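Chemist: Contents of work16.pdb (PDB, C-alpha atoms) are below:
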```pdb
ATOM      1  CA  MET I 223     -17.811  55.930  29.711
ATOM      2  CA  LYS I 224     -20.346  57.694  31.848
ATOM      3  CA  LYS I 225     -18.415  56.868  35.014
ATOM      4  CA  ILE I 226     -15.157  58.374  33.775
ATOM      5  CA  PHE I 227     -16.780  61.618  32.703
ATOM      6  CA  SER I 228     -18.999  62.049  35.745
ATOM      7  CA  SER I 229     -19.336  65.555  37.150
ATOM      8  CA  LYS I 230     -17.610  64.511  40.335
ATOM      9  CA  ASN I 231     -14.519  63.326  38.494
ATOM     10  CA  LEU I 232     -14.593  66.420  36.342
ATOM     11  CA  LEU I 233     -14.667  68.588  39.459
ATOM     12  CA  LEU I 234     -11.756  66.636  40.959
ATOM     13  CA  LEU I 235      -9.836  67.101  37.731
ATOM     14  CA  LEU I 236     -10.563  70.824  37.674
ATOM     15  CA  GLY I 237      -9.507  71.135  41.312
ATOM     16  CA  LEU I 238      -6.283  69.293  40.610
ATOM     17  CA  ALA I 239      -5.626  71.417  37.538
ATOM     18  CA  THR I 240      -6.193  74.581  39.557
ATOM     19  CA  ILE I 241      -3.707  73.443  42.210
ATOM     20  CA  ILE I 242      -1.100  72.585  39.579
ATOM     21  CA  VAL I 243      -1.588  75.951  37.867
ATOM     22  CA  SER I 244      -1.290  77.770  41.197
ATOM     23  CA  ILE I 245       2.087  76.125  41.823
ATOM     24  CA  PHE I 246       3.522  77.434  38.564
ATOM     25  CA  ASP I 247       1.577  80.622  38.058
ATOM     26  CA  ARG I 248      -0.323  82.021  40.991
ATOM     27  CA  PRO I 249      -1.989  84.996  39.214
ATOM     28  CA  LYS I 250      -3.324  82.667  36.488
ATOM     29  CA  ALA I 251      -4.880  80.362  39.079
ATOM     30  CA  SER I 252      -6.577  83.203  40.892
ATOM     31  CA  SER I 253      -7.816  84.498  37.542
ATOM     32  CA  VAL I 254      -9.396  81.082  36.907
ATOM     33  CA  LEU I 255     -11.164  81.173  40.266
ATOM     34  CA  LEU I 256     -12.226  84.811  39.906
ATOM     35  CA  ASN I 257     -13.717  84.167  36.457
ATOM     36  CA  SER I 258     -15.552  81.127  37.775
ATOM     37  CA  LYS I 259     -16.824  83.089  40.750
ATOM     38  CA  THR I 260     -18.226  85.813  38.507
ATOM     39  CA  TYR I 261     -20.176  83.264  36.505
ATOM     40  CA  LEU I 262     -21.258  81.389  39.623
ATOM     41  CA  LEU I 263     -22.742  84.580  41.061
ATOM     42  CA  GLU I 264     -24.507  85.371  37.793
ATOM     43  CA  MET I 265     -25.911  81.853  37.739
ATOM     44  CA  LEU I 266     -27.065  81.997  41.355
ATOM     45  CA  SER I 267     -28.796  85.307  40.751
ATOM     46  CA  VAL I 268     -31.259  83.725  38.302
ATOM     47  CA  LEU I 269     -31.297  80.039  39.178
ATOM     48  CA  PRO I 270     -33.542  80.016  42.286
ATOM     49  CA  PRO I 271     -36.528  81.876  40.781
ATOM     50  CA  ILE I 272     -36.338  79.853  37.563
ATOM     51  CA  LEU I 273     -36.244  76.590  39.520
ATOM     52  CA  ILE I 274     -39.220  77.733  41.591
ATOM     53  CA  LEU I 275     -41.179  78.519  38.427
ATOM     54  CA  ILE I 276     -40.322  75.122  36.934
ATOM     55  CA  GLY I 277     -41.332  73.352  40.140
ATOM     56  CA  LEU I 278     -44.637  75.232  40.331
ATOM     57  CA  PHE I 279     -45.401  74.395  36.733
ATOM     58  CA  GLN I 280     -44.720  70.715  37.286
ATOM     59  CA  ALA I 281     -46.929  70.628  40.374
ATOM     60  CA  TRP I 282     -49.869  72.486  38.836
ATOM     61  CA  VAL I 283     -49.762  71.022  35.343
ATOM     62  CA  PRO I 284     -49.050  67.328  35.773
ATOM     63  CA  ARG I 285     -47.881  65.181  32.893
ATOM     64  CA  ARG I 286     -51.214  63.389  32.644
ATOM     65  CA  THR I 287     -52.974  66.654  31.879
ATOM     66  CA  VAL I 288     -50.533  67.235  29.076
ATOM     67  CA  GLU I 289     -51.101  63.832  27.543
ATOM     68  CA  LYS I 290     -54.855  64.143  27.849
ATOM     69  CA  ALA I 291     -54.872  67.555  26.213
ATOM     70  CA  MET I 292     -52.733  66.299  23.376
ATOM     71  CA  GLY I 293     -54.720  63.165  22.747
ATOM     72  CA  GLY I 294     -58.090  64.838  23.162
ATOM     73  CA  SER I 295     -60.654  64.977  20.430
ATOM     74  CA  SER I 296     -60.352  68.732  20.328
ATOM     75  CA  GLY I 297     -57.977  68.562  17.356
ATOM     76  CA  LEU I 298     -56.341  71.894  16.711
ATOM     77  CA  LYS I 299     -57.121  73.076  20.223
ATOM     78  CA  GLY I 300     -55.366  70.047  21.672
ATOM     79  CA  ILE I 301     -52.329  70.665  19.536
ATOM     80  CA  LEU I 302     -52.180  74.345  20.470
ATOM     81  CA  MET I 303     -52.400  73.265  24.084
ATOM     82  CA  ALA I 304     -49.616  70.757  23.505
ATOM     83  CA  ILE I 305     -47.448  73.461  21.996
ATOM     84  CA  PHE I 306     -48.168  75.757  24.906
ATOM     85  CA  VAL I 307     -47.229  73.025  27.342
ATOM     86  CA  GLY I 308     -44.230  72.084  25.228
ATOM     87  CA  THR I 309     -42.821  75.570  25.683
ATOM     88  CA  ALA I 310     -43.195  75.538  29.443
ATOM     89  CA  ALA I 311     -42.525  71.914  30.348
ATOM     90  CA  MET I 312     -39.009  70.870  31.162
ATOM     91  CA  GLY I 313     -37.324  67.921  29.638
ATOM     92  CA  PRO I 314     -34.931  67.014  26.875
ATOM     93  CA  LEU I 315     -35.921  66.307  23.298
ATOM     94  CA  TYR I 316     -35.984  62.562  23.794
ATOM     95  CA  ALA I 317     -38.701  62.951  26.425
ATOM     96  CA  ALA I 318     -40.894  64.359  23.662
ATOM     97  CA  PHE I 319     -40.486  61.364  21.326
ATOM     98  CA  PRO I 320     -43.076  59.126  22.997
ATOM     99  CA  LEU I 321     -45.489  62.051  23.269
ATOM    100  CA  GLY I 322     -44.990  62.786  19.576
ATOM    101  CA  VAL I 323     -45.725  59.180  18.670
ATOM    102  CA  SER I 324     -48.895  59.220  20.749
ATOM    103  CA  LEU I 325     -49.909  62.378  18.886
ATOM    104  CA  LEU I 326     -49.517  60.522  15.581
ATOM    105  CA  GLU I 327     -51.436  57.530  16.886
ATOM    106  CA  LYS I 328     -54.268  59.762  18.010
ATOM    107  CA  GLY I 329     -54.601  60.994  14.464
ATOM    108  CA  ALA I 330     -52.532  64.153  14.374
ATOM    109  CA  ASN I 331     -50.858  64.715  11.041
ATOM    110  CA  LEU I 332     -47.156  64.758  10.394
ATOM    111  CA  PHE I 333     -47.040  68.546  10.097
ATOM    112  CA  ASN I 334     -48.447  69.116  13.569
ATOM    113  CA  THR I 335     -46.345  66.390  15.110
ATOM    114  CA  ALA I 336     -43.178  67.848  13.623
ATOM    115  CA  ILE I 337     -44.163  71.274  14.926
ATOM    116  CA  PHE I 338     -44.694  69.834  18.363
ATOM    117  CA  LEU I 339     -41.294  68.110  18.373
ATOM    118  CA  CYS I 340     -39.429  71.178  17.146
ATOM    119  CA  VAL I 341     -41.213  73.493  19.579
ATOM    120  CA  TRP I 342     -40.496  71.163  22.449
ATOM    121  CA  ALA I 343     -36.843  71.011  21.457
ATOM    122  CA  SER I 344     -36.191  74.653  20.878
ATOM    123  CA  ILE I 345     -38.653  76.943  22.630
ATOM    124  CA  LYS I 346     -38.652  76.716  26.389
ATOM    125  CA  ILE I 347     -39.692  79.578  28.612
ATOM    126  CA  PRO I 348     -37.153  78.864  31.405
ATOM    127  CA  MET I 349     -34.453  78.535  28.757
ATOM    128  CA  ILE I 350     -35.423  81.852  27.195
ATOM    129  CA  LEU I 351     -34.921  83.437  30.615
ATOM    130  CA  PHE I 352     -31.447  81.929  30.761
ATOM    131  CA  GLU I 353     -30.698  83.065  27.239
ATOM    132  CA  ILE I 354     -31.711  86.645  28.076
ATOM    133  CA  LYS I 355     -29.471  86.566  31.118
ATOM    134  CA  PHE I 356     -26.347  85.239  29.434
ATOM    135  CA  LEU I 357     -26.660  86.291  25.783
ATOM    136  CA  GLY I 358     -28.829  89.378  26.049
ATOM    137  CA  ALA I 359     -32.461  90.192  25.304
ATOM    138  CA  ASP I 360     -31.747  91.258  21.708
ATOM    139  CA  PHE I 361     -30.100  87.946  20.957
ATOM    140  CA  ALA I 362     -32.763  85.841  22.681
ATOM    141  CA  PHE I 363     -35.779  87.555  21.152
ATOM    142  CA  LEU I 364     -34.349  87.770  17.653
ATOM    143  CA  ARG I 365     -33.475  84.075  17.776
ATOM    144  CA  LEU I 366     -36.980  83.278  18.999
ATOM    145  CA  ALA I 367     -38.528  85.401  16.243
ATOM    146  CA  LEU I 368     -36.469  83.547  13.631
ATOM    147  CA  THR I 369     -36.985  80.107  15.163
ATOM    148  CA  ILE I 370     -40.790  80.163  14.929
ATOM    149  CA  PRO I 371     -41.015  80.637  11.135
ATOM    150  CA  SER I 372     -38.130  78.180  10.749
ATOM    151  CA  ILE I 373     -40.066  75.527  12.634
ATOM    152  CA  LEU I 374     -43.085  76.086  10.391
ATOM    153  CA  ALA I 375     -40.871  75.802   7.305
ATOM    154  CA  ILE I 376     -39.054  72.700   8.569
ATOM    155  CA  SER I 377     -42.340  71.009   9.452
ATOM    156  CA  SER I 378     -44.032  71.734   6.145
ATOM    157  CA  LEU I 379     -40.956  70.614   4.190
ATOM    158  CA  LEU I 380     -40.846  67.425   6.262
ATOM    159  CA  ASN I 381     -44.502  66.899   5.576
ATOM    160  CA  LEU I 382     -44.000  67.366   1.822
ATOM    161  CA  ILE I 383     -40.979  65.087   1.678
ATOM    162  CA  LEU I 384     -42.386  62.278   3.785
ATOM    163  CA  LYS I 385     -46.073  62.329   2.954
ATOM    164  CA  ARG I 386     -45.910  59.821   0.145
ATOM    165  CA  SER I 387     -43.388  57.421   1.580
ATOM    166  CA  LEU I 388     -45.006  57.335   4.995
ATOM    167  CA  SER I 389     -48.408  56.252   3.799
ATOM    168  CA  HIS I 390     -46.847  52.913   2.865
ATOM    169  CA  GLU I 391     -44.868  52.154   5.955
ATOM    170  CA  LYS I 392     -45.322  52.321   9.647
ATOM    171  CA  ILE I 393     -43.569  55.114  11.434
TER     172      ILE I 393
ATOM    173  CA  MET L  72     -33.700  94.771  36.140
ATOM    174  CA  PHE L  73     -34.242  91.419  34.446
ATOM    175  CA  VAL L  74     -33.021  89.527  37.484
ATOM    176  CA  LEU L  75     -35.279  91.531  39.767
ATOM    177  CA  SER L  76     -38.330  90.928  37.580
ATOM    178  CA  ILE L  77     -37.980  87.148  37.535
ATOM    179  CA  TRP L  78     -37.485  87.088  41.306
ATOM    180  CA  ILE L  79     -40.709  89.099  41.647
ATOM    181  CA  LEU L  80     -42.498  86.829  39.173
ATOM    182  CA  ALA L  81     -41.383  83.686  41.009
ATOM    183  CA  GLY L  82     -42.316  85.247  44.354
ATOM    184  CA  LEU L  83     -45.798  86.189  43.177
ATOM    185  CA  ALA L  84     -46.354  82.740  41.665
ATOM    186  CA  LEU L  85     -45.198  81.131  44.882
ATOM    187  CA  VAL L  86     -47.567  83.202  47.031
ATOM    188  CA  LEU L  87     -50.464  82.509  44.686
ATOM    189  CA  SER L  88     -49.697  78.795  44.784
ATOM    190  CA  LEU L  89     -49.410  78.859  48.583
ATOM    191  CA  VAL L  90     -52.818  80.487  48.899
ATOM    192  CA  LYS L  91     -54.397  77.876  46.635
ATOM    193  CA  SER L  92     -52.772  74.753  48.032
ATOM    194  CA  LYS L  93     -50.096  74.218  50.630
ATOM    195  CA  GLU L  94     -49.479  70.625  49.564
ATOM    196  CA  LYS L  95     -48.915  71.435  45.934
ATOM    197  CA  THR L  96     -46.602  74.287  46.843
ATOM    198  CA  ALA L  97     -44.567  71.992  49.062
ATOM    199  CA  SER L  98     -44.305  69.367  46.342
ATOM    200  CA  SER L  99     -43.309  71.971  43.783
ATOM    201  CA  LEU L 100     -40.544  73.261  46.033
ATOM    202  CA  LEU L 101     -39.400  69.699  46.547
ATOM    203  CA  ALA L 102     -39.313  69.188  42.773
ATOM    204  CA  ALA L 103     -37.310  72.403  42.372
ATOM    205  CA  TRP L 104     -34.873  71.272  45.041
ATOM    206  CA  LYS L 105     -34.464  67.846  43.411
ATOM    207  CA  PHE L 106     -33.839  69.484  40.073
ATOM    208  CA  PHE L 107     -31.278  71.777  41.671
ATOM    209  CA  ARG L 108     -29.473  68.842  43.253
ATOM    210  CA  SER L 109     -29.345  66.925  39.984
ATOM    211  CA  MET L 110     -27.777  69.843  38.155
ATOM    212  CA  ALA L 111     -25.604  71.384  40.881
ATOM    213  CA  LEU L 112     -22.452  69.363  40.171
ATOM    214  CA  PRO L 113     -22.523  69.615  36.354
ATOM    215  CA  VAL L 114     -23.208  73.345  36.595
ATOM    216  CA  LEU L 115     -20.375  73.850  39.065
ATOM    217  CA  ALA L 116     -17.996  71.874  36.850
ATOM    218  CA  THR L 117     -18.993  73.916  33.819
ATOM    219  CA  LEU L 118     -18.546  77.241  35.589
ATOM    220  CA  TRP L 119     -15.128  76.147  36.777
ATOM    221  CA  ALA L 120     -14.232  75.072  33.246
ATOM    222  CA  ILE L 121     -15.384  78.479  31.997
ATOM    223  CA  GLY L 122     -12.902  79.998  34.448
ATOM    224  CA  PHE L 123     -10.114  78.048  32.750
ATOM    225  CA  LEU L 124     -11.449  78.872  29.312
ATOM    226  CA  LEU L 125     -11.476  82.603  29.997
ATOM    227  CA  THR L 126      -7.999  82.505  31.505
ATOM    228  CA  PHE L 127      -6.163  80.325  29.020
ATOM    229  CA  LEU L 128      -8.022  80.607  25.736
ATOM    230  CA  SER L 129      -6.944  83.917  24.328
ATOM    231  CA  PRO L 130      -9.580  86.080  22.669
ATOM    232  CA  ARG L 131      -7.380  85.971  19.586
ATOM    233  CA  LEU L 132      -7.607  82.195  19.361
ATOM    234  CA  ILE L 133     -11.383  82.199  19.838
ATOM    235  CA  SER L 134     -11.946  84.937  17.321
ATOM    236  CA  ARG L 135      -9.754  83.117  14.818
ATOM    237  CA  ALA L 136     -11.762  79.888  15.189
ATOM    238  CA  VAL L 137     -15.304  81.251  15.465
ATOM    239  CA  GLY L 138     -14.894  85.021  15.297
ATOM    240  CA  GLN L 139     -16.001  87.695  12.896
ATOM    241  CA  ASN L 140     -13.295  86.863  10.366
ATOM    242  CA  SER L 141     -13.626  83.089  10.522
ATOM    243  CA  GLY L 142     -16.283  83.380   7.813
ATOM    244  CA  TRP L 143     -18.681  80.583   7.011
ATOM    245  CA  GLN L 144     -16.227  77.977   8.279
ATOM    246  CA  GLY L 145     -16.523  79.330  11.807
ATOM    247  CA  VAL L 146     -20.324  79.259  11.652
ATOM    248  CA  VAL L 147     -20.387  75.715  10.273
ATOM    249  CA  LEU L 148     -17.850  74.606  12.880
ATOM    250  CA  ALA L 149     -20.028  76.014  15.664
ATOM    251  CA  ALA L 150     -23.135  74.414  14.151
ATOM    252  CA  LEU L 151     -21.450  71.015  13.911
ATOM    253  CA  PHE L 152     -20.270  71.292  17.481
ATOM    254  CA  GLY L 153     -23.788  72.117  18.663
ATOM    255  CA  SER L 154     -25.213  69.185  16.705
ATOM    256  CA  ILE L 155     -22.887  66.636  18.227
ATOM    257  CA  VAL L 156     -22.575  67.574  21.870
ATOM    258  CA  LEU L 157     -25.360  66.813  24.288
ATOM    259  CA  ILE L 158     -25.342  69.500  26.948
ATOM    260  CA  GLN L 159     -28.150  71.040  28.923
ATOM    261  CA  ALA L 160     -29.141  74.516  27.883
ATOM    262  CA  PHE L 161     -28.678  75.544  31.525
ATOM    263  CA  ILE L 162     -24.989  74.966  31.046
ATOM    264  CA  ALA L 163     -24.760  75.918  27.395
ATOM    265  CA  PHE L 164     -25.998  79.509  27.753
ATOM    266  CA  PRO L 165     -23.345  80.694  30.233
ATOM    267  CA  LEU L 166     -20.733  78.870  28.158
ATOM    268  CA  ALA L 167     -21.954  80.479  24.930
ATOM    269  CA  GLY L 168     -22.096  83.864  26.666
ATOM    270  CA  SER L 169     -18.495  83.607  27.827
ATOM    271  CA  ILE L 170     -17.263  82.620  24.363
ATOM    272  CA  LEU L 171     -19.247  85.469  22.816
ATOM    273  CA  ARG L 172     -17.598  87.977  25.151
ATOM    274  CA  GLN L 173     -14.219  86.510  24.261
ATOM    275  CA  GLY L 174     -14.619  87.395  20.606
ATOM    276  CA  ALA L 175     -16.797  84.776  18.931
ATOM    277  CA  SER L 176     -19.173  86.088  16.277
ATOM    278  CA  VAL L 177     -22.907  86.380  16.896
ATOM    279  CA  SER L 178     -23.503  84.018  13.951
ATOM    280  CA  ALA L 179     -21.315  81.299  15.398
ATOM    281  CA  ILE L 180     -22.962  81.532  18.816
ATOM    282  CA  ALA L 181     -26.446  81.529  17.284
ATOM    283  CA  ALA L 182     -25.536  78.500  15.165
ATOM    284  CA  PHE L 183     -24.176  76.662  18.201
ATOM    285  CA  VAL L 184     -27.167  77.381  20.433
ATOM    286  CA  THR L 185     -29.728  76.593  17.727
ATOM    287  CA  THR L 186     -28.236  73.290  16.590
ATOM    288  CA  LEU L 187     -27.687  72.346  20.209
ATOM    289  CA  VAL L 188     -31.427  72.269  20.839
ATOM    290  CA  MET L 189     -32.755  71.321  17.401
ATOM    291  CA  VAL L 190     -30.244  68.822  16.028
ATOM    292  CA  GLY L 191     -29.328  65.713  17.944
ATOM    293  CA  VAL L 192     -26.766  63.372  16.456
ATOM    294  CA  ILE L 193     -26.416  61.394  19.672
ATOM    295  CA  THR L 194     -30.174  61.094  20.181
ATOM    296  CA  ALA L 195     -30.790  60.242  16.499
ATOM    297  CA  PRO L 196     -30.856  56.452  17.030
ATOM    298  CA  LEU L 197     -33.539  56.917  19.664
ATOM    299  CA  GLU L 198     -35.497  59.269  17.420
ATOM    300  CA  MET L 199     -35.327  56.675  14.628
ATOM    301  CA  LYS L 200     -36.852  54.064  16.898
ATOM    302  CA  PHE L 201     -39.885  56.278  17.403
ATOM    303  CA  PHE L 202     -40.265  58.017  14.052
ATOM    304  CA  GLY L 203     -38.258  55.991  11.565
ATOM    305  CA  LYS L 204     -35.048  56.630   9.707
ATOM    306  CA  LYS L 205     -36.366  58.942   7.042
ATOM    307  CA  PHE L 206     -38.185  61.297   9.393
ATOM    308  CA  THR L 207     -35.185  61.513  11.713
ATOM    309  CA  LEU L 208     -32.628  62.157   8.986
ATOM    310  CA  TRP L 209     -34.749  64.805   7.269
ATOM    311  CA  ARG L 210     -35.803  66.536  10.482
ATOM    312  CA  ASN L 211     -32.229  66.833  11.666
ATOM    313  CA  PHE L 212     -30.907  67.818   8.246
ATOM    314  CA  LEU L 213     -33.542  70.522   7.750
ATOM    315  CA  SER L 214     -33.018  71.782  11.294
ATOM    316  CA  PHE L 215     -29.287  72.057  10.638
ATOM    317  CA  ILE L 216     -29.842  74.065   7.446
ATOM    318  CA  PHE L 217     -32.330  76.396   9.124
ATOM    319  CA  ALA L 218     -29.986  76.847  12.079
ATOM    320  CA  LEU L 219     -27.381  78.127   9.627
ATOM    321  CA  ILE L 220     -29.924  80.488   8.053
ATOM    322  CA  ILE L 221     -30.966  81.789  11.495
ATOM    323  CA  ALA L 222     -27.291  82.248  12.379
ATOM    324  CA  LEU L 223     -26.514  84.242   9.249
ATOM    325  CA  ILE L 224     -29.527  86.527   9.656
ATOM    326  CA  MET L 225     -28.662  87.119  13.306
ATOM    327  CA  GLY L 226     -25.091  87.873  12.382
ATOM    328  CA  ALA L 227     -26.264  90.387   9.789
ATOM    329  CA  ILE L 228     -28.582  92.148  12.246
ATOM    330  CA  LEU L 229     -26.650  91.986  15.511
ATOM    331  CA  GLY L 230     -23.105  91.298  14.377
TER     332      GLY L 230
END
```
Please express the file's structure as structure tokens.
Modeler:
Amino acid sequence: MKKIFSSKNLLLLLGLATIIVSIFDRPKASSVLLNSKTYLLEMLSVLPPILILIGLFQAWVPRRTVEKAMGGSSGLKGILMAIFVGTAAMGPLYAAFPLGVSLLEKGANLFNTAIFLCVWASIKIPMILFEIKFLGADFAFLRLALTIPSILAISSLLNLILKRSLSHEKI
Amino acid sequence: MFVLSIWILAGLALVLSLVKSKEKTASSLLAAWKFFRSMALPVLATLWAIGFLLTFLSPRLISRAVGQNSGWQGVVLAALFGSIVLIQAFIAFPLAGSILRQGASVSAIAAFVTTLVMVGVITAPLEMKFFGKKFTLWRNFLSFIFALIIALIMGAILG
């Protein structure tokens, strides 16, 4: 499945589609390319600095530091650190699963672990920059302002719902 | 303005890093380059697809599916779509921006973007392996509900 839908094949398909469209309707085809070009330029105007920032972060704050801070005996401080790192580190949600489990094993409670997972998933500084660029600062900041209390609510509800059942089984 | 400020920020950070350690700066630029290479093709494909979308999908069609008058169905549709698909936010934000400009409602776009990052149907089996069935189902369910709430509030304020 992955092979068929690879980006390369998708690009070939799009190229083919553009050629076919240009045969039947030249203005439509050039409109496709012009629209794409506009977005490509917008993307290129923000991509390099964001990539540089991500690269610098990865070089100066290695993964081991993150894990150590999260597993440290410093309790709340470690978790705050983890949240801070979670907002800046790159990586999809599934990269946070093992880190979340190690948090639980080190004695963090369910509430904090859920917060960590949700923060990792939804609040990312490079992504906020992208959101400002393409959806506007109003949109990005309002969504951020609503996401934070939502994460607290989701995590405390999760904690309430699961507290009893989890004490009996392994998670 | 925004573009200029992040270029300046990245430039300052780069200079600071260079002063502190040449090696680390080199490795960070290498990491950035690798990341760029891994995402270049998918990003290019998405931008090209956006070109098609903007040309062939009429604003009327978009606004009927997820626009101002599509009501709660449009918001739920967008939220479901965001829950199911697995796309990088790098790609999702330009896509969402183009659909918004074509007539989608703020609520629908907010629902899509929020469920995209918070709810993962495709990654749920993996999440279950780490945290168990109950945790996974409840976390995703609650995230979905709160995404809808966020979407409705945003629609009320910005829409």
Chemist: Counting all atoms listed in the file, figure out which residue out of L:Ala182, L:Leu80, L:Ala149, L:Leu87 gets nearest to Arg365 in chain I.
Modeler: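 Of all the options, L:Ala182 lies closest to Arg365 in chain I.
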Chemist: Give me, please, the distance in Å between CA of Leu384 in chain I and CA of Ala218 in chain L, quoted to one decimal.
Modeler: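 Between these atoms lies a distance of 20.9 Å.
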Chemist: Quick one: pull the distance between CA of Lys205 in chain L and CA of Ile220 in chain L, Å, one decimal.
Modeler: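 Separation of CA of Lys205 in chain L and CA of Ile220 in chain L: 22.5 Å.
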Chemist: Leaving out Ser154 in chain L and any residue of its chain fewer than 3 positions from it, which residues lie within 9 Å of it when counting all atoms listed in the file, given as a list in words?
Modeler: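 Near Ser154 in chain L, the qualifying residues are Ala149, Ala150, Leu151, Leu157, Phe183, Thr185, Thr186, Leu187, Val188, Met189, Val190, Gly191, Val192, Ile193, Asn211 and Phe215 of chain L.
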Chemist: Could you check how far CA of Lys105 in chain L sits from CA of Leu118 in chain L, in Å to one decimal?
Modeler: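 CA of Leu118 in chain L lies 20.1 Å from CA of Lys105 in chain L.
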Chemist: With 4 Å added on each side, what axis-aligned box encloses every listed atom of range 99-118 of chain L? Give the centre and edge lengths in Å to one decimal, as JSON.
Modeler:
```
{"center_x": -30.7, "center_y": 72.1, "center_z": 40.2, "size_x": 33.3, "size_y": 18.3, "size_z": 20.7}
```
